[in-house]
Amino acid sequence: MPRDYEINDAFRLAIKRDARGRYTVSTLDFVEKLQQLNWHFTSREANRWIEAHKSDFRDISAKEGEERTFQVFNPNGAM
């Protein structure tokens, strides 16, 4: 049976560091990690969860659609 705290775990597992050193997470990676923990979110549900629960991530997607990419955002310039 899935547990609520596993959603946060899946999100942390989906975070990657790109070549520029930025921390990013894609909707597809998040959904994949959720499925491994017995959660079944659609891309839309995953995007809504990120938008509602992760205020320190902003959308940096290059194109429209449900396959989005989010990046850690800190207006003060620190990590």
# chains A, B, ... in the order shown; residues from 1 in each chain; ligands from 1

call {"tool": "residues_around", "arguments": {"residues": "stretch 38-55 of chain A", "least_positions_apart": "6", "cutoff": "9 Å", "atoms": "only C-alpha atoms", "output": "ChimeraX atom specification"}}
result
/A:1-3,6-7,11,27-28,30-32,66-68,70,73

call {"tool": "select_by_dssp", "arguments": {"residues": "chain A", "states": "strand (DSSP E or B)", "output": "PDB file with N, CA and C atoms, in the first residue's frame"}}
result
ATOM      1  N   LYS A  16      17.947  15.540 -10.632  1.00  0.00           N
ATOM      2  CA  LYS A  16      19.245  15.307 -11.286  1.00  0.00           C
ATOM      3  C   LYS A  16      20.026  16.610 -11.331  1.00  0.00           C
ATOM      4  N   ARG A  17      21.319  16.477 -11.458  1.00  0.00           N
ATOM      5  CA  ARG A  17      22.189  17.653 -11.600  1.00  0.00           C
ATOM      6  C   ARG A  17      22.693  17.684 -13.023  1.00  0.00           C
ATOM      7  N   TYR A  23      20.128  21.886 -10.378  1.00  0.00           N
ATOM      8  CA  TYR A  23      19.304  20.746  -9.979  1.00  0.00           C
ATOM      9  C   TYR A  23      17.972  20.834 -10.710  1.00  0.00           C
ATOM     10  N   THR A  24      17.650  19.785 -11.452  1.00  0.00           N
ATOM     11  CA  THR A  24      16.414  19.765 -12.229  1.00  0.00           C
ATOM     12  C   THR A  24      15.671  18.457 -11.989  1.00  0.00           C
ATOM     13  N   VAL A  25      14.387  18.487 -12.291  1.00  0.00           N
ATOM     14  CA  VAL A  25      13.563  17.284 -12.239  1.00  0.00           C
ATOM     15  C   VAL A  25      12.577  17.352 -13.387  1.00  0.00           C
ATOM     16  N   SER A  26      12.444  16.253 -14.106  1.00  0.00           N
ATOM     17  CA  SER A  26      11.473  16.215 -15.203  1.00  0.00           C
ATOM     18  C   SER A  26      10.235  15.459 -14.737  1.00  0.00           C
ATOM     19  N   PHE A  57      10.945  25.258  -6.800  1.00  0.00           N
ATOM     20  CA  PHE A  57      11.205  24.788  -8.156  1.00  0.00           C
ATOM     21  C   PHE A  57      10.360  25.600  -9.127  1.00  0.00           C
ATOM     22  N   ARG A  58      10.953  25.990 -10.252  1.00  0.00           N
ATOM     23  CA  ARG A  58      10.198  26.716 -11.274  1.00  0.00           C
ATOM     24  C   ARG A  58      10.265  25.959 -12.593  1.00  0.00           C
ATOM     25  N   ASP A  59       9.282  26.198 -13.422  1.00  0.00           N
ATOM     26  CA  ASP A  59       9.177  25.534 -14.721  1.00  0.00           C
ATOM     27  C   ASP A  59      10.161  26.175 -15.698  1.00  0.00           C
ATOM     28  N   THR A  69       9.952  20.345 -17.317  1.00  0.00           N
ATOM     29  CA  THR A  69      11.190  20.288 -16.547  1.00  0.00           C
ATOM     30  C   THR A  69      11.160  21.431 -15.541  1.00  0.00           C
ATOM     31  N   PHE A  70      11.524  21.114 -14.304  1.00  0.00           N
ATOM     32  CA  PHE A  70      11.563  22.108 -13.234  1.00  0.00           C
ATOM     33  C   PHE A  70      12.989  22.226 -12.727  1.00  0.00           C
ATOM     34  N   GLN A  71      13.354  23.441 -12.296  1.00  0.00           N
ATOM     35  CA  GLN A  71      14.695  23.716 -11.795  1.00  0.00           C
ATOM     36  C   GLN A  71      14.582  24.372 -10.429  1.00  0.00           C
ATOM     37  N   VAL A  72      15.566  24.076  -9.561  1.00  0.00           N
ATOM     38  CA  VAL A  72      15.615  24.744  -8.266  1.00  0.00           C
ATOM     39  C   VAL A  72      15.750  26.236  -8.526  1.00  0.00           C
TER      40      VAL A  72
END

call {"tool": "select_by_dssp", "arguments": {"residues": "chain A", "states": "helix (DSSP H, G or I)", "output": "ChimeraX atom specification"}}
result
/A:5-14,27-36,43-53

call {"tool": "write_last_selection", "arguments": {"atoms": "N, CA and C atoms", "output": "mmCIF file, in the first residue's frame"}}
result
data_model
loop_
_atom_site.group_PDB
_atom_site.id
_atom_site.type_symbol
_atom_site.label_atom_id
_atom_site.label_comp_id
_atom_site.auth_asym_id
_atom_site.auth_seq_id
_atom_site.Cartn_x
_atom_site.Cartn_y
_atom_site.Cartn_z
ATOM 1 N N TYR A 5 4.375 9.789 2.395
ATOM 2 C CA TYR A 5 5.757 10.265 2.444
ATOM 3 C C TYR A 5 6.577 9.760 1.253
ATOM 4 N N GLU A 6 6.125 8.696 0.615
ATOM 5 C CA GLU A 6 6.854 8.153 -0.532
ATOM 6 C C GLU A 6 6.825 9.094 -1.738
ATOM 7 N N ILE A 7 5.837 9.966 -1.798
ATOM 8 C CA ILE A 7 5.795 10.937 -2.901
ATOM 9 C C ILE A 7 7.000 11.864 -2.810
ATOM 10 N N ASN A 8 7.297 12.364 -1.607
ATOM 11 C CA ASN A 8 8.486 13.210 -1.421
ATOM 12 C C ASN A 8 9.759 12.438 -1.732
ATOM 13 N N ASP A 9 9.811 11.171 -1.317
ATOM 14 C CA ASP A 9 10.976 10.346 -1.616
ATOM 15 C C ASP A 9 11.171 10.198 -3.121
ATOM 16 N N ALA A 10 10.091 9.941 -3.832
ATOM 17 C CA ALA A 10 10.162 9.800 -5.291
ATOM 18 C C ALA A 10 10.639 11.098 -5.927
ATOM 19 N N PHE A 11 10.165 12.223 -5.418
ATOM 20 C CA PHE A 11 10.590 13.507 -5.966
ATOM 21 C C PHE A 11 12.095 13.693 -5.772
ATOM 22 N N ARG A 12 12.590 13.417 -4.566
ATOM 23 C CA ARG A 12 14.022 13.558 -4.309
ATOM 24 C C ARG A 12 14.851 12.626 -5.187
ATOM 25 N N LEU A 13 14.360 11.414 -5.409
ATOM 26 C CA LEU A 13 15.079 10.460 -6.261
ATOM 27 C C LEU A 13 15.098 10.885 -7.729
ATOM 28 N N ALA A 14 14.109 11.667 -8.144
ATOM 29 C CA ALA A 14 14.010 12.100 -9.542
ATOM 30 C C ALA A 14 14.875 13.324 -9.842
ATOM 31 N N THR A 27 9.124 15.797 -15.334
ATOM 32 C CA THR A 27 7.869 15.133 -15.004
ATOM 33 C C THR A 27 7.973 13.634 -15.253
ATOM 34 N N LEU A 28 8.591 13.247 -16.360
ATOM 35 C CA LEU A 28 8.700 11.827 -16.692
ATOM 36 C C LEU A 28 9.529 11.060 -15.665
ATOM 37 N N ASP A 29 10.624 11.649 -15.207
ATOM 38 C CA ASP A 29 11.446 10.994 -14.190
ATOM 39 C C ASP A 29 10.680 10.862 -12.875
ATOM 40 N N PHE A 30 9.948 11.906 -12.503
ATOM 41 C CA PHE A 30 9.151 11.886 -11.274
ATOM 42 C C PHE A 30 8.080 10.800 -11.343
ATOM 43 N N VAL A 31 7.371 10.712 -12.455
ATOM 44 C CA VAL A 31 6.329 9.692 -12.628
ATOM 45 C C VAL A 31 6.946 8.292 -12.574
ATOM 46 N N GLU A 32 8.113 8.120 -13.181
ATOM 47 C CA GLU A 32 8.787 6.817 -13.167
ATOM 48 C C GLU A 32 9.145 6.400 -11.738
ATOM 49 N N LYS A 33 9.700 7.329 -10.964
ATOM 50 C CA LYS A 33 10.064 7.023 -9.573
ATOM 51 C C LYS A 33 8.819 6.748 -8.737
ATOM 52 N N LEU A 34 7.731 7.464 -9.000
ATOM 53 C CA LEU A 34 6.479 7.209 -8.289
ATOM 54 C C LEU A 34 5.978 5.796 -8.562
ATOM 55 N N GLN A 35 6.060 5.356 -9.810
ATOM 56 C CA GLN A 35 5.606 4.013 -10.174
ATOM 57 C C GLN A 35 6.426 2.945 -9.464
ATOM 58 N N GLN A 36 7.704 3.191 -9.271
ATOM 59 C CA GLN A 36 8.548 2.241 -8.562
ATOM 60 C C GLN A 36 8.121 2.094 -7.103
ATOM 61 N N SER A 43 1.080 12.477 -15.880
ATOM 62 C CA SER A 43 1.983 13.631 -15.983
ATOM 63 C C SER A 43 1.310 14.888 -15.447
ATOM 64 N N ARG A 44 0.048 15.051 -15.736
ATOM 65 C CA ARG A 44 -0.693 16.223 -15.253
ATOM 66 C C ARG A 44 -0.757 16.240 -13.724
ATOM 67 N N GLU A 45 -1.048 15.091 -13.124
ATOM 68 C CA GLU A 45 -1.101 15.013 -11.657
ATOM 69 C C GLU A 45 0.267 15.297 -11.038
ATOM 70 N N ALA A 46 1.319 14.787 -11.656
ATOM 71 C CA ALA A 46 2.675 15.025 -11.158
ATOM 72 C C ALA A 46 3.026 16.508 -11.228
ATOM 73 N N ASN A 47 2.688 17.153 -12.343
ATOM 74 C CA ASN A 47 2.954 18.588 -12.477
ATOM 75 C C ASN A 47 2.196 19.386 -11.432
ATOM 76 N N ARG A 48 0.954 19.036 -11.207
ATOM 77 C CA ARG A 48 0.147 19.737 -10.188
ATOM 78 C C ARG A 48 0.741 19.540 -8.795
ATOM 79 N N TRP A 49 1.215 18.335 -8.509
ATOM 80 C CA TRP A 49 1.811 18.083 -7.199
ATOM 81 C C TRP A 49 3.069 18.931 -7.018
ATOM 82 N N ILE A 50 3.913 18.982 -8.033
ATOM 83 C CA ILE A 50 5.142 19.781 -7.954
ATOM 84 C C ILE A 50 4.794 21.253 -7.748
ATOM 85 N N GLU A 51 3.859 21.769 -8.515
ATOM 86 C CA GLU A 51 3.471 23.173 -8.395
ATOM 87 C C GLU A 51 2.904 23.492 -7.014
ATOM 88 N N ALA A 52 2.165 22.564 -6.427
ATOM 89 C CA ALA A 52 1.522 22.799 -5.134
ATOM 90 C C ALA A 52 2.462 22.605 -3.944
ATOM 91 N N HIS A 53 3.425 21.701 -4.062
ATOM 92 C CA HIS A 53 4.237 21.331 -2.908
ATOM 93 C C HIS A 53 5.688 21.779 -2.965
#
